[in-house]
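Undergrad: If you scroll down you'll find the structure; I have some questions about it.
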Amino acid sequence: GDGNHSGSQPSVGTYLDEQPVTTIDGTPEVHLYDIQRIEVLEGPQGTLYGASSEAGTVRIITNKPDTTKLYGGFSVDGNAVQSGGVGGSIEGFINVPISSNAAIRLVGWLQRDAGYIDNVAGTSATGCIVNGVRTFPTWSGNTSQSPGCPPVGVVGAGAITNAPWLKNNFNTVDTRGGRAMLKLDLGENWSVTPTFMTQRVATKGFFGYDPSMGDLQIARFGPDSTRDNWHQLALTVTGKMSDFDLVYSGGFMKRNSFTFAEYSDYSLFYDRLFGSGAYWTGNDGKPIMSQEFVRGGGFFEKWSHELRVSTPQKYPVRATVGGFIQRQLHNIYQQYTMPGYGWTNAVGDPGGPANPNGFSDYYSIPTLPNTIWLTSEQRVDRDRALFTQIDWDVLSNLTLTGGFRQYWFDNSLKGFFGYSRNFSSRTGVATCFEPAFSLNTPCTNLDTATSGHGNVPKLTATWKVTPDKMLYATWSKGFRPGGVNRIAGPNGKPYQPDSLKNYEIGWKTTWLDHRLRWNGAL
């Protein structure tokens, strides 16, 4: 995905075992430990895997509980990054049989990725920074909208400093998490596997640098940080009904992310080039420090259910039929705050006091002091599908495959984005038309939904020239559902589904007693 919360879903689907973990604005970073294999399915996989598998699917297959014996393992790693800090990881697992037909497998990990970017008291002519001190034209009394920087001021009277946040190798990443899986065999033909996985990724610092200050160096004026916490409950049931194989998979995923980003780069250039800083005033009507911070939050929930039934594999004609349903809910929150003079780490943080020297109450979002812009929306994506795939062994070494998926989607976006009413009179942002719907909003200025349906086909021919050499030809189609652009009004302009058609011929071969592999495709 492109990381845009109101944009299209990702074009490559990601599965953890049988459950999709693809999310609206980017797939979570699944820590890979105690993994059996990773399957990379190239090209459109829309027939069996549906939406967000337009260009392919990645399946992460974990090691399953083993009822035969008790065993475990661990891994300890330490590393040092060139021109950076020190990191490492601790990972471990244990497999515990409970009985002859039940076992549990526990996995855990703790990892530190070392930093390599330095926050320094540097100098950048284009950024109006000299020795870690940044000046702003409007705040310094220069309201001519000149593209040049004002003279270096004294901190607290025309400039800000990054002195409180100077640190070497400040862009660290800490990951911790675990997975618990239970396998319960119910007779010879049925197996139930519930799974719980949780993970927390926390970053500090900034992951870019300013070449004018030096290699891997930058000047940042606040405590950049992110947290990404997610949990998943999953259930897989496999069994047989007569000679038919049945697989049910269901999952519930909850993901909360939090960001705090220093935004003075943007506020500087708005101030320098567009004179917006003339409106950035305090309650006394005088210009305030033009520094901005962005507090962001993404509160995401997803559940999905899929049922597949397959005919016996021993026959020359085999079929799989199934159904899928999914609902994704994403509460989106982005608060752009201008805390003004005297700002400290605690001032203006969520749940903390607002700064009386900050952005004026007249121009602020009425529900949030010191706030110039607010995005608080709820996005809901619903998907349903019926699918089938048939394999026919025309000859012992020639197989034809045909697939078809019928899908329906229903997506919506509702809430508020923009400035306050008093500031909007200068910017042209559309006014509200409904009472407040989402968190901390004064009203609602966006409420749009879109729905649609379609189908994706697939045709493939596979010829095994020899047991070690295979030729194939395929035509397939993938799709992503449509959605809602962030355009104000009760009837905004949704975007339509997009699709990808793939025409491919290729070969997969091994030679020299399996010591040489040669694959290719056009």
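Identifiers for the structure tokens are assigned positionally: chains receive A, B, ... in sequence, residues are indexed from 1 per chain, and ligands are indexed from 1 in the order shown.
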What's the 7 Å shell around A:Phe300, counting only C-alpha atoms, without same-chain residues fewer than 2 positions away, as a list in words?

TA: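 My reading of the contact set: Lys254, Arg255, Asn256, Gly298, Lys302, Leu329, His330 and Asn331 of chain A.
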
Undergrad: Store the residues picked out above, limited to all heavy atoms, as an mmCIF file, in the first residue's frame.

TA:
data_model
loop_
_atom_site.group_PDB
_atom_site.id
_atom_site.type_symbol
_atom_site.label_atom_id
_atom_site.label_comp_id
_atom_site.auth_asym_id
_atom_site.auth_seq_id
_atom_site.Cartn_x
_atom_site.Cartn_y
_atom_site.Cartn_z
ATOM 1 N N LYS A 254 -6.676 -6.603 15.587
ATOM 2 C CA LYS A 254 -6.799 -5.250 16.128
ATOM 3 C C LYS A 254 -5.413 -4.619 16.069
ATOM 4 O O LYS A 254 -4.437 -5.196 16.543
ATOM 5 C CB LYS A 254 -7.303 -5.292 17.563
ATOM 6 C CG LYS A 254 -7.673 -3.933 18.139
ATOM 7 C CD LYS A 254 -8.237 -4.075 19.545
ATOM 8 C CE LYS A 254 -8.661 -2.729 20.111
ATOM 9 N NZ LYS A 254 -9.833 -2.174 19.427
ATOM 10 N N ARG A 255 -5.349 -3.418 15.506
ATOM 11 C CA ARG A 255 -4.069 -2.742 15.316
ATOM 12 C C ARG A 255 -4.223 -1.267 15.681
ATOM 13 O O ARG A 255 -5.070 -0.566 15.131
ATOM 14 C CB ARG A 255 -3.607 -2.878 13.856
ATOM 15 C CG ARG A 255 -2.246 -2.271 13.570
ATOM 16 C CD ARG A 255 -1.908 -2.369 12.088
ATOM 17 N NE ARG A 255 -0.550 -1.943 11.805
ATOM 18 C CZ ARG A 255 -0.045 -1.811 10.572
ATOM 19 N NH1 ARG A 255 -0.798 -2.077 9.517
ATOM 20 N NH2 ARG A 255 1.212 -1.422 10.396
ATOM 21 N N ASN A 256 -3.389 -0.798 16.603
ATOM 22 C CA ASN A 256 -3.376 0.603 16.999
ATOM 23 C C ASN A 256 -1.988 1.173 16.754
ATOM 24 O O ASN A 256 -0.983 0.587 17.182
ATOM 25 C CB ASN A 256 -3.738 0.754 18.477
ATOM 26 C CG ASN A 256 -5.168 0.331 18.774
ATOM 27 O OD1 ASN A 256 -6.035 0.443 17.911
ATOM 28 N ND2 ASN A 256 -5.408 -0.156 19.976
ATOM 29 N N GLY A 298 -3.897 5.588 14.415
ATOM 30 C CA GLY A 298 -4.697 4.722 13.559
ATOM 31 C C GLY A 298 -5.247 3.591 14.401
ATOM 32 O O GLY A 298 -4.482 2.848 15.033
ATOM 33 N N LYS A 302 -10.215 -5.672 12.125
ATOM 34 C CA LYS A 302 -10.519 -6.445 10.918
ATOM 35 C C LYS A 302 -10.959 -7.843 11.325
ATOM 36 O O LYS A 302 -10.324 -8.476 12.173
ATOM 37 C CB LYS A 302 -9.282 -6.527 10.030
ATOM 38 C CG LYS A 302 -9.402 -7.479 8.836
ATOM 39 C CD LYS A 302 -8.134 -7.435 8.012
ATOM 40 C CE LYS A 302 -8.224 -8.317 6.794
ATOM 41 N NZ LYS A 302 -7.112 -8.087 5.864
ATOM 42 N N LEU A 329 -12.378 -1.885 9.663
ATOM 43 C CA LEU A 329 -12.762 -0.592 10.217
ATOM 44 C C LEU A 329 -11.496 0.141 10.638
ATOM 45 O O LEU A 329 -10.647 -0.423 11.335
ATOM 46 C CB LEU A 329 -13.697 -0.770 11.410
ATOM 47 C CG LEU A 329 -14.198 0.518 12.094
ATOM 48 C CD1 LEU A 329 -15.602 0.321 12.627
ATOM 49 C CD2 LEU A 329 -13.267 0.946 13.238
ATOM 50 N N HIS A 330 -11.364 1.384 10.209
ATOM 51 C CA HIS A 330 -10.156 2.168 10.484
ATOM 52 C C HIS A 330 -10.572 3.551 10.966
ATOM 53 O O HIS A 330 -11.134 4.341 10.210
ATOM 54 C CB HIS A 330 -9.307 2.280 9.213
ATOM 55 C CG HIS A 330 -7.943 2.831 9.459
ATOM 56 N ND1 HIS A 330 -7.103 3.231 8.444
ATOM 57 C CD2 HIS A 330 -7.258 3.050 10.606
ATOM 58 C CE1 HIS A 330 -5.972 3.675 8.957
ATOM 59 N NE2 HIS A 330 -6.047 3.572 10.267
ATOM 60 N N ASN A 331 -10.321 3.842 12.245
ATOM 61 C CA ASN A 331 -10.507 5.184 12.782
ATOM 62 C C ASN A 331 -9.196 5.949 12.616
ATOM 63 O O ASN A 331 -8.163 5.552 13.177
ATOM 64 C CB ASN A 331 -10.914 5.124 14.254
ATOM 65 C CG ASN A 331 -12.329 4.607 14.435
ATOM 66 O OD1 ASN A 331 -13.237 5.007 13.716
ATOM 67 N ND2 ASN A 331 -12.522 3.692 15.369
#

Undergrad: Taking the DSSP secondary structure from the backbone, can you list the residues of stretch 263-475 of chain A that are strand (DSSP E or B), as a short mmCIF file (atom, residue, chain, number, x, y, z; two decimals) with C-alpha atoms, in the first residue's frame?

TA:
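Result written to result-v5.cif:
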data_model
loop_
_atom_site.label_atom_id
_atom_site.label_comp_id
_atom_site.auth_asym_id
_atom_site.auth_seq_id
_atom_site.Cartn_x
_atom_site.Cartn_y
_atom_site.Cartn_z
CA THR A 281 -1.15 34.21 15.97
CA PRO A 287 2.69 35.97 15.68
CA PHE A 293 3.81 18.92 15.54
CA VAL A 294 1.64 16.12 14.23
CA ARG A 295 0.02 13.66 16.59
CA GLY A 296 -1.38 10.73 14.68
CA GLY A 297 -3.33 7.62 15.51
CA GLY A 298 -4.70 4.72 13.56
CA PHE A 299 -7.21 2.46 15.30
CA PHE A 300 -7.88 -0.54 13.10
CA GLU A 301 -10.04 -3.66 13.41
CA LYS A 302 -10.52 -6.44 10.92
CA TRP A 303 -12.40 -9.72 10.88
CA SER A 304 -12.63 -12.28 8.09
CA HIS A 305 -14.18 -15.69 7.45
CA GLU A 306 -13.52 -18.13 4.62
CA LEU A 307 -14.84 -21.61 3.87
CA ARG A 308 -13.38 -23.86 1.15
CA VAL A 309 -14.48 -27.33 0.04
CA SER A 310 -12.34 -29.45 -2.31
CA VAL A 317 -11.03 -33.52 -12.48
CA ARG A 318 -10.74 -31.66 -9.16
CA ALA A 319 -12.59 -28.61 -7.91
CA THR A 320 -12.45 -26.14 -5.05
CA VAL A 321 -15.42 -23.93 -4.18
CA GLY A 322 -15.74 -21.43 -1.37
CA GLY A 323 -16.95 -18.17 0.05
CA PHE A 324 -15.27 -15.23 1.77
CA ILE A 325 -16.45 -12.28 3.85
CA GLN A 326 -14.41 -9.50 5.45
CA ARG A 327 -14.90 -6.19 7.26
CA GLN A 328 -12.21 -3.61 7.98
CA LEU A 329 -12.76 -0.59 10.22
CA HIS A 330 -10.16 2.17 10.48
CA ASN A 331 -10.51 5.18 12.78
CA ILE A 332 -8.04 7.78 11.45
CA TYR A 333 -6.70 10.58 13.63
CA GLN A 334 -4.17 13.30 12.73
CA GLN A 335 -3.86 16.46 14.82
CA TYR A 336 -1.60 19.30 13.64
CA THR A 337 -0.78 21.41 16.68
CA THR A 371 -4.75 22.87 16.87
CA ILE A 372 -4.66 24.30 13.34
CA TRP A 373 -5.75 21.19 11.41
CA LEU A 374 -7.58 17.99 12.31
CA THR A 375 -8.29 14.77 10.45
CA SER A 376 -10.66 12.49 12.36
CA GLU A 377 -12.47 10.02 10.14
CA GLN A 378 -13.81 6.48 10.12
CA ARG A 379 -13.28 4.26 7.11
CA VAL A 380 -15.16 0.97 6.69
CA ASP A 381 -14.35 -1.52 3.91
CA ARG A 382 -16.63 -4.54 3.40
CA ASP A 383 -15.88 -7.40 0.99
CA ARG A 384 -17.78 -10.55 0.00
CA ALA A 385 -16.94 -13.17 -2.62
CA LEU A 386 -17.82 -16.59 -4.02
CA PHE A 387 -15.12 -18.47 -5.91
CA THR A 388 -14.31 -21.72 -7.66
CA GLN A 389 -11.30 -23.33 -9.32
CA ILE A 390 -11.27 -26.52 -11.43
CA ASP A 391 -8.22 -28.59 -12.44
CA TRP A 392 -8.53 -31.11 -15.29
CA ASP A 393 -5.76 -33.59 -16.10
CA VAL A 394 -6.33 -33.83 -19.85
CA LEU A 395 -3.32 -36.13 -20.07
CA LEU A 398 -1.04 -31.93 -19.16
CA THR A 399 -3.37 -30.03 -16.80
CA LEU A 400 -5.85 -27.25 -17.55
CA THR A 401 -6.96 -24.95 -14.72
CA GLY A 402 -9.90 -22.56 -14.76
CA GLY A 403 -10.98 -20.22 -11.96
CA PHE A 404 -13.66 -17.62 -11.36
CA ARG A 405 -14.42 -15.25 -8.47
CA GLN A 406 -17.51 -13.07 -8.09
CA TYR A 407 -17.01 -10.20 -5.65
CA TRP A 408 -18.99 -7.42 -4.00
CA PHE A 409 -17.62 -4.45 -2.05
CA ASP A 410 -19.12 -1.63 0.01
CA ASN A 411 -16.77 1.07 1.34
CA SER A 412 -17.35 4.34 3.19
CA LEU A 413 -15.49 7.31 4.69
CA LYS A 414 -17.07 9.65 7.24
CA GLY A 415 -15.86 12.33 9.64
CA PHE A 416 -14.05 15.65 9.62
CA PHE A 417 -10.91 17.07 8.04
CA GLY A 418 -9.71 20.62 7.78
CA GLU A 434 -23.87 17.21 10.02
CA THR A 444 -18.94 16.42 10.08
CA LEU A 446 -17.31 14.26 4.87
CA ASP A 447 -19.76 11.38 4.47
CA THR A 448 -19.53 9.32 1.31
CA ALA A 449 -19.91 5.64 0.41
CA THR A 450 -19.34 3.58 -2.70
CA SER A 451 -20.19 0.02 -3.68
CA GLY A 452 -19.80 -2.26 -6.65
CA HIS A 453 -19.31 -5.79 -7.90
CA GLY A 454 -17.42 -7.68 -10.58
CA ASN A 455 -15.56 -10.86 -11.34
CA VAL A 456 -12.03 -12.10 -12.00
CA PRO A 457 -11.26 -15.15 -14.19
CA LYS A 458 -8.16 -17.32 -14.57
CA LEU A 459 -7.01 -19.85 -17.18
CA THR A 460 -3.77 -21.87 -16.97
CA ALA A 461 -2.24 -24.75 -18.96
CA THR A 462 0.63 -26.77 -17.41
CA TRP A 463 2.68 -29.32 -19.40
CA LYS A 464 5.26 -31.49 -17.67
CA VAL A 465 7.60 -32.34 -20.52
CA THR A 466 9.61 -34.50 -18.09
CA LYS A 469 10.89 -29.78 -16.82
CA MET A 470 7.58 -27.94 -17.04
CA LEU A 471 6.08 -25.38 -19.44
CA TYR A 472 3.06 -23.24 -18.61
CA ALA A 473 0.83 -20.53 -20.01
CA THR A 474 -1.60 -18.45 -17.96
CA TRP A 475 -4.09 -15.61 -18.27
#

Undergrad: Set the distance at 10 Å and use only C-alpha atoms: which residues neighbour A:Gly177 once local chain neighbours fewer than 2 positions away are removed? I'd like the list as number ranges by chain.

TA: A: 30-31, 91, 107-111, 175, 179, 197-201, 229-231

Undergrad: Could you write out that same residue set with N, CA, C and O atoms as a tab-separated table (two decimals), in the first residue's frame?

TA:
chain	number	residue	atom	x	y	z
A	30	VAL	N	5.49	-8.35	10.13
A	30	VAL	CA	5.42	-9.62	10.85
A	30	VAL	C	6.85	-10.13	11.09
A	30	VAL	O	7.61	-10.33	10.15
A	31	HIS	N	7.22	-10.29	12.36
A	31	HIS	CA	8.55	-10.79	12.69
A	31	HIS	C	8.66	-12.26	12.26
A	31	HIS	O	7.81	-13.08	12.63
A	91	GLU	N	15.41	-14.63	20.54
A	91	GLU	CA	14.24	-15.33	20.01
A	91	GLU	C	14.21	-16.75	20.58
A	91	GLU	O	15.27	-17.33	20.82
A	107	VAL	N	6.06	-19.10	21.04
A	107	VAL	CA	7.17	-18.43	20.37
A	107	VAL	C	7.25	-17.00	20.90
A	107	VAL	O	6.22	-16.35	21.12
A	108	GLY	N	8.48	-16.49	21.10
A	108	GLY	CA	8.64	-15.12	21.55
A	108	GLY	C	9.90	-14.50	21.00
A	108	GLY	O	10.85	-15.20	20.62
A	109	TRP	N	9.91	-13.15	20.93
A	109	TRP	CA	11.08	-12.46	20.38
A	109	TRP	C	11.19	-11.06	20.96
A	109	TRP	O	10.21	-10.44	21.36
A	110	LEU	N	12.42	-10.58	21.02
A	110	LEU	CA	12.75	-9.24	21.48
A	110	LEU	C	13.94	-8.77	20.64
A	110	LEU	O	14.97	-9.44	20.60
A	111	GLN	N	13.79	-7.63	19.94
A	111	GLN	CA	14.82	-7.19	19.00
A	111	GLN	C	15.03	-5.69	19.08
A	111	GLN	O	14.08	-4.92	19.23
A	175	THR	N	11.38	-4.07	18.74
A	175	THR	CA	10.30	-4.98	18.38
A	175	THR	C	10.21	-6.07	19.42
A	175	THR	O	11.22	-6.67	19.79
A	179	ARG	N	3.83	-15.53	19.90
A	179	ARG	CA	2.78	-16.28	19.21
A	179	ARG	C	2.51	-17.56	20.01
A	179	ARG	O	3.45	-18.23	20.46
A	197	MET	N	-1.45	-14.10	18.23
A	197	MET	CA	-0.17	-13.45	17.98
A	197	MET	C	-0.27	-11.99	18.36
A	197	MET	O	-1.29	-11.34	18.11
A	198	THR	N	0.79	-11.47	18.97
A	198	THR	CA	0.83	-10.07	19.33
A	198	THR	C	2.22	-9.51	19.05
A	198	THR	O	3.21	-10.25	19.14
A	199	GLN	N	2.28	-8.23	18.70
A	199	GLN	CA	3.57	-7.61	18.40
A	199	GLN	C	3.49	-6.11	18.63
A	199	GLN	O	2.46	-5.49	18.37
A	200	ARG	N	4.61	-5.54	19.12
A	200	ARG	CA	4.71	-4.10	19.33
A	200	ARG	C	6.02	-3.62	18.71
A	200	ARG	O	7.09	-4.16	19.02
A	201	VAL	N	5.93	-2.63	17.84
A	201	VAL	CA	7.11	-2.02	17.22
A	201	VAL	C	7.13	-0.55	17.61
A	201	VAL	O	6.15	0.18	17.37
A	229	ASN	N	1.12	-1.31	17.48
A	229	ASN	CA	0.75	-2.47	18.28
A	229	ASN	C	-0.37	-3.23	17.57
A	229	ASN	O	-1.35	-2.62	17.15
A	230	TRP	N	-0.21	-4.54	17.43
A	230	TRP	CA	-1.30	-5.30	16.84
A	230	TRP	C	-1.41	-6.69	17.46
A	230	TRP	O	-0.44	-7.24	17.98
A	231	HIS	N	-2.63	-7.20	17.42
A	231	HIS	CA	-2.93	-8.52	17.96
A	231	HIS	C	-3.84	-9.23	16.96
A	231	HIS	O	-4.67	-8.60	16.29

Undergrad: With 10 Å as the cut-off and only C-alpha atoms counted, what is the closest atom pair between each nearby residue of stretch 72-115 of chain A and stretch 184-194 of chain A? Distances in Å to one decimal, ordered by chain and number, as JSON lines.

TA:
{"residue": "A:Ile98", "atom": "CA", "partner": "A:Leu184", "partner_atom": "CA", "distance": 9.5}
{"residue": "A:Ser99", "atom": "CA", "partner": "A:Leu184", "partner_atom": "CA", "distance": 9.3}
{"residue": "A:Ser100", "atom": "CA", "partner": "A:Asp185", "partner_atom": "CA", "distance": 8.8}
{"residue": "A:Asn101", "atom": "CA", "partner": "A:Asp185", "partner_atom": "CA", "distance": 5.1}
{"residue": "A:Ala102", "atom": "CA", "partner": "A:Leu184", "partner_atom": "CA", "distance": 4.5}
{"residue": "A:Ala103", "atom": "CA", "partner": "A:Leu184", "partner_atom": "CA", "distance": 6.9}
{"residue": "A:Ile104", "atom": "CA", "partner": "A:Leu184", "partner_atom": "CA", "distance": 8.9}

Undergrad: Mind writing the picked residues with N, CA and C atoms as a tab-separated table (two decimals), in the first residue's frame?

TA:
chain	number	residue	atom	x	y	z
A	98	ILE	N	0.57	-32.05	24.85
A	98	ILE	CA	-0.35	-32.12	25.99
A	98	ILE	C	-0.90	-33.52	26.13
A	99	SER	N	-1.15	-34.16	25.00
A	99	SER	CA	-1.62	-35.54	24.95
A	99	SER	C	-1.26	-36.10	23.59
A	100	SER	N	-1.75	-37.29	23.30
A	100	SER	CA	-1.45	-37.88	22.00
A	100	SER	C	-2.14	-37.16	20.85
A	101	ASN	N	-3.13	-36.35	21.15
A	101	ASN	CA	-3.84	-35.64	20.08
A	101	ASN	C	-3.87	-34.13	20.28
A	102	ALA	N	-3.00	-33.57	21.15
A	102	ALA	CA	-2.99	-32.13	21.38
A	102	ALA	C	-1.58	-31.67	21.72
A	103	ALA	N	-1.25	-30.46	21.26
A	103	ALA	CA	0.06	-29.87	21.55
A	103	ALA	C	-0.06	-28.36	21.46
A	104	ILE	N	0.85	-27.67	22.15
A	104	ILE	CA	0.90	-26.21	22.11
A	104	ILE	C	2.31	-25.78	21.75

Undergrad: Report, in Å with one decimal, the straight-line distance from atom CA of A:Pro312 to atom CA of A:Gly239.

TA: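 Here the two named atoms are 12.5 Å from each other.
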
Undergrad: Go ahead and compute the interatomic distance for atom CA of A:Pro442 and atom CA of A:Tyr495, in Å to one decimal.

TA: 27.1 Å

Undergrad: For A:Pro137, which residue out of A:Ser476, A:Ser276, A:Ser360, A:Thr62 is the nearest one, using only C-alpha atoms?

TA: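 Between A:Ser476, A:Ser276, A:Ser360, A:Thr62, the residue approaching A:Pro137 most closely is A:Ser276.
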
Undergrad: Need the shell around A:Pro164: protein/DNA/RNA residues with any atom at most 9 Å away, counting only C-alpha atoms. Skip same-chain ones fewer than 3 positions apart. Format as number ranges by chain?

TA: A: 161, 167, 221-222

Undergrad: Keeping all heavy atoms for every residue in the selection just given, could you write it to a file as a PDB file, in the first residue's frame?

TA:
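Once written, again00.pdb looks like this:
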ATOM      1  N   THR A 161      15.480  26.025  19.026  1.00  0.00           N
ATOM      2  CA  THR A 161      16.715  25.249  19.058  1.00  0.00           C
ATOM      3  C   THR A 161      16.390  23.765  19.186  1.00  0.00           C
ATOM      4  O   THR A 161      15.366  23.396  19.779  1.00  0.00           O
ATOM      5  CB  THR A 161      17.607  25.673  20.241  1.00  0.00           C
ATOM      6  OG1 THR A 161      18.771  24.833  20.268  1.00  0.00           O
ATOM      7  CG2 THR A 161      16.871  25.543  21.575  1.00  0.00           C
ATOM      8  N   LYS A 167      21.236  13.988  19.741  1.00  0.00           N
ATOM      9  CA  LYS A 167      21.588  12.621  20.093  1.00  0.00           C
ATOM     10  C   LYS A 167      22.157  11.909  18.873  1.00  0.00           C
ATOM     11  O   LYS A 167      21.654  12.081  17.759  1.00  0.00           O
ATOM     12  CB  LYS A 167      20.361  11.853  20.611  1.00  0.00           C
ATOM     13  CG  LYS A 167      20.689  10.486  21.179  1.00  0.00           C
ATOM     14  CD  LYS A 167      19.459   9.825  21.786  1.00  0.00           C
ATOM     15  CE  LYS A 167      19.811   8.473  22.395  1.00  0.00           C
ATOM     16  NZ  LYS A 167      18.622   7.810  22.996  1.00  0.00           N
ATOM     17  N   PHE A 221      13.682  19.130  15.609  1.00  0.00           N
ATOM     18  CA  PHE A 221      13.362  20.031  16.707  1.00  0.00           C
ATOM     19  C   PHE A 221      12.263  19.484  17.613  1.00  0.00           C
ATOM     20  O   PHE A 221      11.491  20.238  18.185  1.00  0.00           O
ATOM     21  CB  PHE A 221      12.965  21.397  16.138  1.00  0.00           C
ATOM     22  CG  PHE A 221      14.084  22.078  15.400  1.00  0.00           C
ATOM     23  CD1 PHE A 221      14.339  21.784  14.059  1.00  0.00           C
ATOM     24  CD2 PHE A 221      14.905  22.985  16.046  1.00  0.00           C
ATOM     25  CE1 PHE A 221      15.378  22.398  13.380  1.00  0.00           C
ATOM     26  CE2 PHE A 221      15.951  23.606  15.374  1.00  0.00           C
ATOM     27  CZ  PHE A 221      16.193  23.309  14.034  1.00  0.00           C
ATOM     28  N   GLY A 222      12.200  18.166  17.747  1.00  0.00           N
ATOM     29  CA  GLY A 222      11.209  17.569  18.631  1.00  0.00           C
ATOM     30  C   GLY A 222      11.394  16.071  18.721  1.00  0.00           C
ATOM     31  O   GLY A 222      12.211  15.479  18.000  1.00  0.00           O
TER      32      GLY A 222
END

Undergrad: Using only C-alpha atoms, can you tell me which of A:Val484, A:Ala163, A:Gly132, A:Phe479 comes closest to A:Pro497?

TA: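 When distances to A:Pro497 are compared using only C-alpha atoms, the smallest one comes from A:Phe479.
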